[in-house]
>>> print(open('query_7.cif').read())   # mmCIF, C-alpha atoms and all ligand atoms
data_coords
#
loop_
_atom_site.label_atom_id
_atom_site.label_comp_id
_atom_site.auth_asym_id
_atom_site.auth_seq_id
_atom_site.Cartn_x
_atom_site.Cartn_y
_atom_site.Cartn_z
CA MET A 716 -5.70 -57.52 -6.17
CA LYS A 717 -7.04 -60.95 -6.94
CA LYS A 718 -3.76 -62.87 -6.84
CA ASN A 719 -0.91 -63.07 -4.33
CA PRO A 720 0.82 -59.69 -4.68
CA LEU A 721 4.11 -61.03 -3.38
CA LYS A 722 5.13 -62.92 -6.53
CA ARG A 723 7.41 -60.30 -8.00
CA GLU A 724 10.21 -60.34 -10.57
CA LEU A 725 12.84 -57.83 -11.56
CA ILE A 726 12.90 -56.17 -14.99
CA GLN A 727 14.99 -53.48 -16.64
CA THR A 728 13.20 -50.39 -17.97
CA LYS A 729 14.17 -48.35 -21.03
CA ASP A 730 16.21 -45.72 -19.15
CA GLY A 731 18.39 -48.45 -17.62
CA SER A 732 16.78 -48.33 -14.15
CA LYS A 733 15.12 -51.47 -12.84
CA THR A 734 11.67 -52.09 -11.48
CA LEU A 735 9.51 -54.95 -10.22
CA ILE A 736 6.72 -56.66 -12.08
CA ILE A 737 3.87 -58.78 -10.71
CA LYS A 738 4.02 -61.41 -13.42
CA ASP A 739 0.55 -62.87 -12.90
CA LEU A 740 -1.05 -59.46 -13.37
CA GLU A 741 1.51 -58.09 -15.87
CA GLU A 742 1.64 -54.99 -13.66
CA THR A 743 4.89 -53.10 -13.11
CA TYR A 744 5.84 -50.84 -10.19
CA HIS A 745 6.98 -48.15 -12.66
CA SER A 746 6.74 -47.33 -16.35
CA LYS A 747 8.57 -49.75 -18.63
CA HIS A 748 9.68 -46.65 -20.55
CA GLY A 749 11.88 -45.63 -17.62
CA ALA A 750 11.34 -46.01 -13.88
CA LEU A 751 13.73 -43.24 -12.84
CA GLN A 752 12.51 -40.86 -15.57
CA GLU A 753 8.91 -41.42 -14.54
CA ALA A 754 9.59 -40.88 -10.82
CA ASN A 755 11.45 -37.64 -11.54
CA HIS A 756 8.87 -36.34 -13.99
CA VAL A 757 5.69 -37.12 -12.04
CA PHE A 758 6.77 -36.61 -8.44
CA ILE A 759 9.67 -34.16 -8.60
CA ASP A 760 9.19 -31.93 -11.68
CA ASN A 761 5.39 -31.97 -11.30
CA GLY A 762 5.37 -32.38 -7.52
CA LEU A 763 8.08 -31.32 -5.12
CA LYS A 764 9.42 -28.54 -7.38
CA LEU A 765 6.01 -26.85 -7.39
CA VAL A 766 5.82 -26.42 -3.61
CA ASN A 767 8.21 -23.96 -2.06
CA ASP A 768 7.30 -23.88 1.63
CA TYR A 769 10.08 -24.38 4.15
CA GLU A 770 8.56 -27.49 5.72
CA ILE A 771 6.83 -30.02 3.50
CA ASN A 772 4.81 -33.07 4.51
CA ILE A 773 4.67 -35.69 1.76
CA LEU A 774 2.29 -38.64 1.73
CA GLU A 775 3.03 -41.49 -0.66
CA LEU A 776 0.64 -44.29 -1.71
CA GLY A 777 2.45 -46.74 -1.79
CA PHE A 778 6.04 -46.87 -0.68
CA GLY A 779 6.99 -49.96 -2.79
CA THR A 780 10.61 -49.92 -3.96
CA GLY A 781 11.32 -46.60 -2.23
CA LEU A 782 12.42 -45.00 -5.51
CA ASN A 783 10.26 -41.93 -4.84
CA VAL A 784 11.97 -41.38 -1.48
CA LEU A 785 15.32 -41.50 -3.26
CA VAL A 786 14.40 -39.00 -5.99
CA THR A 787 12.90 -36.75 -3.29
CA PHE A 788 16.12 -36.95 -1.27
CA ASP A 789 18.09 -36.22 -4.44
CA GLU A 790 16.06 -33.02 -4.98
CA TYR A 791 16.50 -32.12 -1.28
CA LEU A 792 20.28 -32.36 -1.78
CA LYS A 793 20.08 -30.28 -4.98
CA LYS A 794 18.27 -27.59 -2.97
CA ASN A 795 21.11 -27.68 -0.42
CA LYS A 796 18.88 -29.17 2.31
CA ILE A 797 17.07 -25.87 2.79
CA GLN A 798 13.62 -27.48 2.75
CA LYS A 799 12.55 -29.64 5.66
CA ILE A 800 10.91 -32.80 4.38
CA ASN A 801 8.71 -35.14 6.41
CA TYR A 802 7.93 -38.16 4.23
CA PHE A 803 5.12 -40.60 5.07
CA GLY A 804 5.02 -43.75 2.95
CA VAL A 805 2.07 -46.13 3.25
CA GLU A 806 2.56 -49.72 2.12
CA LYS A 807 0.72 -52.97 2.79
CA TYR A 808 3.08 -55.38 1.02
CA PRO A 809 6.67 -54.27 1.68
CA ILE A 810 9.33 -55.58 -0.68
CA PHE A 811 12.11 -57.80 0.68
CA LEU A 812 15.58 -56.43 1.37
CA GLN A 813 16.92 -58.89 -1.21
CA GLU A 814 14.64 -57.31 -3.84
CA ALA A 815 15.78 -53.81 -2.86
CA SER A 816 19.36 -54.98 -3.21
CA GLU A 817 18.73 -56.48 -6.68
CA LEU A 818 17.03 -53.28 -7.84
CA SER A 819 20.45 -51.64 -7.22
CA TYR A 820 19.08 -48.10 -7.06
CA TYR A 821 22.41 -47.02 -5.55
CA GLU A 822 23.73 -47.13 -9.12
CA LEU A 823 21.39 -44.30 -10.12
CA PHE A 824 22.75 -41.64 -7.77
CA PRO A 825 26.31 -40.31 -7.51
CA ASP A 826 25.91 -39.08 -3.92
CA LYS A 827 27.28 -41.57 -1.36
CA LYS A 828 24.68 -40.74 1.27
CA LEU A 829 21.91 -41.34 -1.24
CA GLN A 830 23.50 -44.61 -2.36
CA ASP A 831 23.52 -45.80 1.26
CA LEU A 832 19.87 -44.81 1.66
CA SER A 833 18.74 -47.08 -1.18
CA LEU A 834 18.94 -50.04 1.21
CA LYS A 835 18.72 -48.23 4.53
CA ILE A 836 15.17 -47.02 3.84
CA HIS A 837 14.09 -50.65 3.66
CA GLU A 838 15.84 -51.56 6.91
CA THR A 839 14.46 -48.77 9.10
CA GLU A 840 11.70 -49.53 11.53
CA TRP A 841 8.07 -49.15 10.49
CA GLU A 842 5.67 -46.77 12.27
CA LYS A 843 8.54 -44.59 13.52
CA LEU A 844 9.59 -41.15 12.28
CA ILE A 845 13.27 -41.69 11.46
CA GLN A 846 15.73 -38.87 10.79
CA LEU A 847 17.63 -39.72 7.62
CA ASP A 848 19.44 -36.39 7.41
CA VAL A 849 19.51 -32.97 9.10
CA ASN A 850 16.24 -31.89 7.46
CA PHE A 851 14.82 -35.14 6.10
CA TYR A 852 12.54 -37.48 8.05
CA LEU A 853 10.86 -40.71 6.94
CA LYS A 854 7.98 -42.62 8.47
CA LYS A 855 6.98 -45.89 6.82
CA ILE A 856 3.45 -46.97 7.68
CA LYS A 857 2.49 -50.59 7.12
CA ASP A 858 -1.20 -50.32 6.45
CA ASP A 859 -3.95 -50.54 3.88
CA PHE A 860 -4.76 -47.45 1.82
CA PHE A 861 -8.37 -47.86 2.92
CA ASN A 862 -7.27 -47.18 6.49
CA ILE A 863 -5.68 -43.82 5.64
CA LYS A 864 -8.56 -42.00 7.30
CA ASN A 865 -7.49 -43.48 10.66
CA LEU A 866 -3.82 -42.59 10.37
CA ASP A 867 -2.33 -39.92 12.58
CA LEU A 868 -0.67 -37.63 10.02
CA PRO A 869 0.22 -33.94 9.96
CA LEU A 870 -1.61 -31.93 7.28
CA ILE A 871 -0.13 -33.03 3.97
CA ASP A 872 1.34 -30.62 1.38
CA ILE A 873 2.00 -33.12 -1.42
CA VAL A 874 0.46 -36.50 -2.16
CA TYR A 875 2.44 -38.85 -4.39
CA PHE A 876 -0.46 -40.97 -5.64
CA ASP A 877 1.42 -43.98 -7.01
CA CYS A 878 -0.95 -46.93 -6.77
CA PHE A 879 -1.07 -49.78 -9.26
CA GLY A 880 -3.20 -48.98 -12.28
CA ALA A 881 -6.99 -49.08 -12.37
CA ARG A 882 -6.82 -52.17 -14.60
CA VAL A 883 -5.63 -54.24 -11.60
CA GLN A 884 -6.86 -52.17 -8.62
CA PRO A 885 -9.88 -50.17 -9.84
CA ASP A 886 -11.11 -49.46 -6.29
CA LEU A 887 -7.95 -47.42 -5.60
CA TRP A 888 -8.95 -44.89 -8.26
CA GLU A 889 -12.45 -44.19 -6.97
CA LYS A 890 -13.82 -41.15 -5.16
CA GLU A 891 -13.79 -42.92 -1.77
CA ILE A 892 -9.99 -43.15 -1.65
CA PHE A 893 -9.48 -39.61 -2.99
CA GLU A 894 -11.88 -38.29 -0.36
CA MET A 895 -9.88 -39.92 2.44
CA VAL A 896 -6.66 -38.56 0.99
CA ALA A 897 -8.14 -35.08 0.49
CA ASP A 898 -9.15 -34.98 4.17
CA LYS A 899 -5.48 -35.38 5.09
CA MET A 900 -4.33 -32.52 2.84
CA LYS A 901 -3.79 -28.81 3.47
CA THR A 902 -5.82 -26.29 1.51
CA GLY A 903 -3.56 -25.46 -1.44
CA GLY A 904 -1.95 -28.91 -1.25
CA LEU A 905 -1.01 -30.82 -4.40
CA LEU A 906 -1.90 -34.38 -5.42
CA THR A 907 0.22 -35.63 -8.28
CA THR A 908 -0.22 -38.89 -10.16
CA TYR A 909 0.91 -40.58 -13.37
CA SER A 910 -2.72 -41.35 -14.29
CA SER A 911 -4.74 -39.20 -16.65
CA LYS A 912 -7.98 -41.14 -16.56
CA GLY A 913 -11.12 -39.07 -17.16
CA SER A 914 -12.94 -40.75 -14.25
CA VAL A 915 -10.07 -39.82 -11.91
CA ARG A 916 -10.14 -36.21 -13.06
CA ARG A 917 -13.89 -36.06 -12.53
CA ALA A 918 -13.70 -37.67 -9.07
CA LEU A 919 -11.09 -35.11 -8.02
CA GLN A 920 -13.12 -32.22 -9.49
CA ASP A 921 -16.22 -33.44 -7.63
CA LEU A 922 -14.20 -33.26 -4.43
CA GLY A 923 -13.35 -29.63 -5.16
CA PHE A 924 -9.83 -30.00 -6.54
CA ASP A 925 -8.49 -27.77 -9.31
CA VAL A 926 -7.40 -30.38 -11.81
CA GLU A 927 -4.69 -29.79 -14.41
CA LYS A 928 -3.64 -32.11 -17.21
CA LYS A 929 0.14 -32.05 -17.53
CA GLN A 930 2.45 -33.61 -20.08
CA GLY A 931 3.11 -37.20 -19.07
CA PRO A 932 6.48 -38.93 -18.63
CA PRO A 933 8.05 -40.71 -21.63
CA GLY A 934 5.56 -43.20 -23.07
CA LYS A 935 2.52 -41.44 -21.63
CA ARG A 936 0.72 -38.46 -23.14
CA GLU A 937 -0.73 -36.92 -19.98
CA MET A 938 -0.74 -37.02 -16.19
CA ILE A 939 -2.66 -35.20 -13.46
CA ASN A 940 -1.88 -32.43 -10.97
CA ALA A 941 -4.78 -31.72 -8.60
CA TRP A 942 -4.73 -28.75 -6.20
CA LYS A 943 -6.93 -28.83 -3.13
CA LYS A 944 -9.05 -25.68 -2.91
C1 LIG B 1001 2.84 -48.83 -8.33
S1 LIG B 1001 3.42 -49.68 -6.90
C2 LIG B 1001 4.41 -48.61 -5.96
C3 LIG B 1001 5.37 -47.83 -6.51
C4 LIG B 1001 6.23 -47.16 -5.49
N1 LIG B 1001 5.82 -45.79 -5.29
C5 LIG B 1001 7.62 -47.30 -5.99
O1 LIG B 1001 8.20 -46.30 -6.43
O2 LIG B 1001 8.11 -48.43 -5.98
C6 LIG B 1001 1.97 -49.65 -5.83
C7 LIG B 1001 2.26 -50.05 -4.41
O3 LIG B 1001 1.04 -50.08 -3.67
C8 LIG B 1001 1.08 -51.19 -2.77
N2 LIG B 1001 -0.31 -51.55 -2.46
C9 LIG B 1001 -1.21 -52.17 -3.25
N3 LIG B 1001 -2.42 -52.25 -2.66
C10 LIG B 1001 -2.29 -51.65 -1.44
C11 LIG B 1001 -3.20 -51.39 -0.40
N4 LIG B 1001 -4.48 -51.76 -0.48
N5 LIG B 1001 -2.75 -50.74 0.70
C12 LIG B 1001 -1.44 -50.38 0.79
N6 LIG B 1001 -0.51 -50.61 -0.18
C13 LIG B 1001 -0.94 -51.23 -1.30
C14 LIG B 1001 1.82 -52.24 -3.55
O4 LIG B 1001 2.36 -53.22 -2.71
C15 LIG B 1001 2.89 -51.43 -4.26
O5 LIG B 1001 4.05 -51.32 -3.49
#
>>> encode(input="query_7.cif", output="structure tokens", more="lines below")
Ligand SMILES: C[S@@+](CC[C@H](N)C(=O)[O-])C[C@H]1O[C@@H](n2cnc3c(N)ncnc32)[C@H](O)[C@@H]1O
Amino acid sequence: MKKNPLKRELIQTKDGSKTLIIKDLEETYHSKHGALQEANHVFIDNGLKLVNDYEINILELGFGTGLNVLVTFDEYLKKNKIQKINYFGVEKYPIFLQEASELSYYELFPDKKLQDLSLKIHETEWEKLIQLDVNFYLKKIKDDFFNIKNLDLPLIDIVYFDCFGARVQPDLWEKEIFEMVADKMKTGGLLTTYSSKGSVRRALQDLGFDVEKKQGPPGKREMINAWKK
């Protein structure tokens, strides 16, 4: 990003949930059509729900507001905690606790434990695997996406590819990044992203992924599911 990525403001999206915007770049952390709807559609309905193994390693680029951890935990509760989730979130520019508090994601979930997690996930130590619940672990990794190849990770089942758009960070949607991410994934693993760009689909196909176009979240026609062969 060309400008200071820390200058963020809060906005309300169309489903009532809030998100952050980098004003100088006019780039939001989630869809303006609905942050919560988008997170559930892209990463739960077209992500977590498609993988039924007992133990699942999730890698997220990037951790940001933590909303994807919360929707993942919500689904874990809905499945009665029967899946073991190890969640690895990479982030170079963590948000401030004050911002997490103003996002008030606790309002989105009826479960008390989940409400408490909306702030707790921002307070936990970085670089440490922290047990958030009996079968749910979180490790936040403060690093650059371009260093993913050097990270010590278990083989990943699902990648939540949630970078800023190619308009502001084109290098994050190139083959080089996808190659590094693919190297961390299990055969049969799933990469899910809100993007549907042709160049992204082709880069993933070149790397040997089976690429599917799926219906996008509200406000977006399509998105991508890519399965590692
Ligand atoms: C679309 S936003 C994240 C959305 C996040 N999943 C959420 O639900 O809030 C993209 C994130 O990538 C982070 N980021 C941008 N460039 C990065 C880089 N080179 N390395 C690591 N993180 C980066 C940003 O700080 C931001 O938190």
>>> residues_near_point(input="query_7.cif", point="(4.3, -48.1, -8.3)", cutoff="10 Å", atoms="all atoms listed in the file", output="list in words")
Thr734, Leu735, Ile736, Glu742, Thr743, Tyr744, His745, Ser746, Ala750, Ala754, Leu776, Gly777, Phe778, Gly779, Thr780, Gly781, Leu782, Asn783, Phe876, Asp877, Cys878, Phe879, Gly880 and Tyr909 of chain A
>>> residues_around(input="query_7.cif", residues="Gly923 (chain A)", least_positions_apart="4", cutoff="7 Å", atoms="all atoms listed in the file", output="compact mmCIF listing (two decimals) with C-alpha atoms, in the frame of the given file")
# COMPACT_ATOMS: atom_id res chain seq x y z
CA LEU A 919 -11.09 -35.11 -8.02
CA LYS A 943 -6.93 -28.83 -3.13
CA LYS A 944 -9.05 -25.68 -2.91
>>> residues_near_point(input="query_7.cif", point="(6.0, -27.8, 1.6)", cutoff="9 Å", atoms="only C-alpha atoms", output="tab-separated table (two decimals) with C-alpha atoms, in the coordinates of the input")
chain	number	residue	atom	x	y	z
A	763	LEU	CA	8.08	-31.32	-5.12
A	766	VAL	CA	5.82	-26.42	-3.61
A	767	ASN	CA	8.21	-23.96	-2.06
A	768	ASP	CA	7.30	-23.88	1.63
A	769	TYR	CA	10.08	-24.38	4.15
A	770	GLU	CA	8.56	-27.49	5.72
A	771	ILE	CA	6.83	-30.02	3.50
A	772	ASN	CA	4.81	-33.07	4.51
A	773	ILE	CA	4.67	-35.69	1.76
A	798	GLN	CA	13.62	-27.48	2.75
A	799	LYS	CA	12.55	-29.64	5.66
A	800	ILE	CA	10.91	-32.80	4.38
A	871	ILE	CA	-0.13	-33.03	3.97
A	872	ASP	CA	1.34	-30.62	1.38
A	873	ILE	CA	2.00	-33.12	-1.42
A	904	GLY	CA	-1.95	-28.91	-1.25
>>> closest_residue(input="query_7.cif", among="A:Leu823, A:Leu829, A:Leu740, A:Val784", to="Tyr852 (chain A)", atoms="all atoms listed in the file")
A:Val784
>>> closest_residue(input="query_7.cif", among="A:Leu847, A:Ala881, A:Leu887, A:Leu866", to="ligand LIG 1001 (chain B)", atoms="all atoms listed in the file")
A:Leu887
>>> closest_residue(input="query_7.cif", among="A:Lys843, A:Lys738, A:Lys807, A:Lys722", to="ligand LIG 1001 (chain B)", atoms="only C-alpha atoms and all ligand atoms")
A:Lys807
>>> atom_distance(input="query_7.cif", atom1="CA of Asn801 (chain A)", atom2="CA of Leu853 (chain A)")
6.0 Å
>>> closest_residue(input="query_7.cif", among="A:Gln830, A:Asn940, A:Thr728, A:Thr902", to="Val757 (chain A)", atoms="only C-alpha atoms")
A:Asn940
>>> closest_residue(input="query_7.cif", among="A:Ile797, A:Ile726, A:Ile939, A:Val786", to="ligand LIG 1001 (chain B)", atoms="all atoms listed in the file")
A:Val786
>>> closest_residue(input="query_7.cif", among="A:Val896, A:Leu868, A:Val883, A:Leu844", to="ligand LIG 1001 (chain B)", atoms="only C-alpha atoms and all ligand atoms")
A:Val883
>>> decode(input="query_7.cif", residues="region 832-937 of chain A", atoms="C-alpha atoms", output="PDB file, in the first residue's frame")
ATOM      1  CA  LEU A 832     -14.212 -13.245  22.347  1.00  0.00           C
ATOM      2  CA  SER A 833     -14.868 -10.198  20.148  1.00  0.00           C
ATOM      3  CA  LEU A 834     -12.392  -8.234  22.271  1.00  0.00           C
ATOM      4  CA  LYS A 835     -10.410 -11.073  23.793  1.00  0.00           C
ATOM      5  CA  ILE A 836      -9.034 -12.169  20.407  1.00  0.00           C
ATOM      6  CA  HIS A 837      -7.400  -8.752  20.100  1.00  0.00           C
ATOM      7  CA  GLU A 838      -5.897  -8.925  23.583  1.00  0.00           C
ATOM      8  CA  THR A 839      -4.287 -12.363  23.343  1.00  0.00           C
ATOM      9  CA  GLU A 840      -0.575 -12.629  22.809  1.00  0.00           C
ATOM     10  CA  TRP A 841       0.836 -12.824  19.290  1.00  0.00           C
ATOM     11  CA  GLU A 842       2.919 -15.796  18.088  1.00  0.00           C
ATOM     12  CA  LYS A 843       1.364 -18.116  20.681  1.00  0.00           C
ATOM     13  CA  LEU A 844      -1.206 -20.863  20.140  1.00  0.00           C
ATOM     14  CA  ILE A 845      -3.948 -19.874  22.597  1.00  0.00           C
ATOM     15  CA  GLN A 846      -6.813 -22.160  23.608  1.00  0.00           C
ATOM     16  CA  LEU A 847     -10.035 -20.172  23.308  1.00  0.00           C
ATOM     17  CA  ASP A 848     -12.310 -23.138  23.999  1.00  0.00           C
ATOM     18  CA  VAL A 849     -12.165 -26.911  24.473  1.00  0.00           C
ATOM     19  CA  ASN A 850     -11.613 -27.544  20.750  1.00  0.00           C
ATOM     20  CA  PHE A 851     -10.730 -24.103  19.398  1.00  0.00           C
ATOM     21  CA  TYR A 852      -7.201 -22.700  19.224  1.00  0.00           C
ATOM     22  CA  LEU A 853      -5.980 -19.372  17.821  1.00  0.00           C
ATOM     23  CA  LYS A 854      -2.495 -18.260  16.844  1.00  0.00           C
ATOM     24  CA  LYS A 855      -2.077 -14.682  15.648  1.00  0.00           C
ATOM     25  CA  ILE A 856       1.071 -14.148  13.620  1.00  0.00           C
ATOM     26  CA  LYS A 857       2.357 -10.612  13.176  1.00  0.00           C
ATOM     27  CA  ASP A 858       4.106 -10.837   9.857  1.00  0.00           C
ATOM     28  CA  ASP A 859       4.054  -9.891   6.205  1.00  0.00           C
ATOM     29  CA  PHE A 860       2.164 -12.127   3.782  1.00  0.00           C
ATOM     30  CA  PHE A 861       5.342 -12.318   1.719  1.00  0.00           C
ATOM     31  CA  ASN A 862       7.010 -14.118   4.615  1.00  0.00           C
ATOM     32  CA  ILE A 863       4.405 -16.893   4.739  1.00  0.00           C
ATOM     33  CA  LYS A 864       6.863 -19.322   3.189  1.00  0.00           C
ATOM     34  CA  ASN A 865       9.045 -19.021   6.308  1.00  0.00           C
ATOM     35  CA  LEU A 866       6.264 -19.570   8.828  1.00  0.00           C
ATOM     36  CA  ASP A 867       6.126 -22.745  10.847  1.00  0.00           C
ATOM     37  CA  LEU A 868       2.561 -23.931  10.187  1.00  0.00           C
ATOM     38  CA  PRO A 869       0.851 -27.324  10.188  1.00  0.00           C
ATOM     39  CA  LEU A 870      -0.522 -28.391   6.788  1.00  0.00           C
ATOM     40  CA  ILE A 871      -3.504 -26.150   6.130  1.00  0.00           C
ATOM     41  CA  ASP A 872      -7.009 -27.444   5.280  1.00  0.00           C
ATOM     42  CA  ILE A 873      -8.686 -24.108   4.541  1.00  0.00           C
ATOM     43  CA  VAL A 874      -7.242 -20.760   3.499  1.00  0.00           C
ATOM     44  CA  TYR A 875      -9.386 -17.690   4.099  1.00  0.00           C
ATOM     45  CA  PHE A 876      -7.835 -15.423   1.462  1.00  0.00           C
ATOM     46  CA  ASP A 877      -9.106 -12.034   2.631  1.00  0.00           C
ATOM     47  CA  CYS A 878      -6.564  -9.470   1.451  1.00  0.00           C
ATOM     48  CA  PHE A 879      -7.429  -5.955   0.362  1.00  0.00           C
ATOM     49  CA  GLY A 880      -8.501  -5.783  -3.259  1.00  0.00           C
ATOM     50  CA  ALA A 881      -6.156  -5.858  -6.239  1.00  0.00           C
ATOM     51  CA  ARG A 882      -6.948  -2.185  -6.914  1.00  0.00           C
ATOM     52  CA  VAL A 883      -4.920  -1.214  -3.814  1.00  0.00           C
ATOM     53  CA  GLN A 884      -2.621  -4.237  -3.330  1.00  0.00           C
ATOM     54  CA  PRO A 885      -2.199  -5.857  -6.760  1.00  0.00           C
ATOM     55  CA  ASP A 886       0.912  -7.811  -5.693  1.00  0.00           C
ATOM     56  CA  LEU A 887      -1.178  -9.789  -3.187  1.00  0.00           C
ATOM     57  CA  TRP A 888      -3.221 -11.307  -6.017  1.00  0.00           C
ATOM     58  CA  GLU A 889      -0.296 -12.587  -8.080  1.00  0.00           C
ATOM     59  CA  LYS A 890       0.949 -16.129  -8.583  1.00  0.00           C
ATOM     60  CA  GLU A 891       3.898 -15.627  -6.197  1.00  0.00           C
ATOM     61  CA  ILE A 892       1.660 -15.256  -3.135  1.00  0.00           C
ATOM     62  CA  PHE A 893      -0.675 -18.085  -4.177  1.00  0.00           C
ATOM     63  CA  GLU A 894       2.336 -20.359  -4.684  1.00  0.00           C
ATOM     64  CA  MET A 895       3.578 -19.683  -1.149  1.00  0.00           C
ATOM     65  CA  VAL A 896       0.103 -20.285   0.233  1.00  0.00           C
ATOM     66  CA  ALA A 897      -0.362 -23.462  -1.834  1.00  0.00           C
ATOM     67  CA  ASP A 898       2.885 -24.865  -0.409  1.00  0.00           C
ATOM     68  CA  LYS A 899       1.366 -24.607   3.066  1.00  0.00           C
ATOM     69  CA  MET A 900      -1.831 -26.458   2.097  1.00  0.00           C
ATOM     70  CA  LYS A 901      -2.822 -30.125   2.243  1.00  0.00           C
ATOM     71  CA  THR A 902      -3.708 -31.926  -0.962  1.00  0.00           C
ATOM     72  CA  GLY A 903      -7.493 -31.582  -1.143  1.00  0.00           C
ATOM     73  CA  GLY A 904      -7.338 -28.320   0.832  1.00  0.00           C
ATOM     74  CA  LEU A 905      -9.624 -25.397  -0.003  1.00  0.00           C
ATOM     75  CA  LEU A 906      -8.738 -21.763  -0.682  1.00  0.00           C
ATOM     76  CA  THR A 907     -11.751 -19.492  -0.541  1.00  0.00           C
ATOM     77  CA  THR A 908     -11.858 -15.814  -1.454  1.00  0.00           C
ATOM     78  CA  TYR A 909     -14.368 -13.072  -2.219  1.00  0.00           C
ATOM     79  CA  SER A 910     -12.522 -12.224  -5.454  1.00  0.00           C
ATOM     80  CA  SER A 911     -13.595 -13.547  -8.830  1.00  0.00           C
ATOM     81  CA  LYS A 912     -10.910 -11.928 -10.951  1.00  0.00           C
ATOM     82  CA  GLY A 913      -9.987 -13.834 -14.118  1.00  0.00           C
ATOM     83  CA  SER A 914      -6.252 -13.348 -13.475  1.00  0.00           C
ATOM     84  CA  VAL A 915      -6.651 -14.866  -9.990  1.00  0.00           C
ATOM     85  CA  ARG A 916      -8.511 -17.868 -11.374  1.00  0.00           C
ATOM     86  CA  ARG A 917      -5.820 -18.392 -14.002  1.00  0.00           C
ATOM     87  CA  ALA A 918      -2.971 -18.047 -11.475  1.00  0.00           C
ATOM     88  CA  LEU A 919      -4.618 -20.673  -9.266  1.00  0.00           C
ATOM     89  CA  GLN A 920      -5.261 -22.991 -12.235  1.00  0.00           C
ATOM     90  CA  ASP A 921      -1.612 -22.649 -13.305  1.00  0.00           C
ATOM     91  CA  LEU A 922      -0.638 -23.809  -9.830  1.00  0.00           C
ATOM     92  CA  GLY A 923      -2.774 -26.916 -10.255  1.00  0.00           C
ATOM     93  CA  PHE A 924      -5.869 -25.910  -8.288  1.00  0.00           C
ATOM     94  CA  ASP A 925      -9.364 -26.984  -9.321  1.00  0.00           C
ATOM     95  CA  VAL A 926     -11.070 -23.612  -9.525  1.00  0.00           C
ATOM     96  CA  GLU A 927     -14.819 -23.130  -9.098  1.00  0.00           C
ATOM     97  CA  LYS A 928     -16.795 -19.944  -9.566  1.00  0.00           C
ATOM     98  CA  LYS A 929     -19.417 -19.690  -6.837  1.00  0.00           C
ATOM     99  CA  GLN A 930     -22.237 -17.234  -6.310  1.00  0.00           C
ATOM    100  CA  GLY A 931     -20.856 -14.171  -4.547  1.00  0.00           C
ATOM    101  CA  PRO A 932     -22.141 -12.524  -1.363  1.00  0.00           C
ATOM    102  CA  PRO A 933     -24.758  -9.737  -1.644  1.00  0.00           C
ATOM    103  CA  GLY A 934     -23.485  -7.046  -4.014  1.00  0.00           C
ATOM    104  CA  LYS A 935     -21.061  -9.352  -5.807  1.00  0.00           C
ATOM    105  CA  ARG A 936     -21.905 -11.725  -8.641  1.00  0.00           C
ATOM    106  CA  GLU A 937     -19.187 -14.328  -8.136  1.00  0.00           C
TER     107      GLU A 937
END
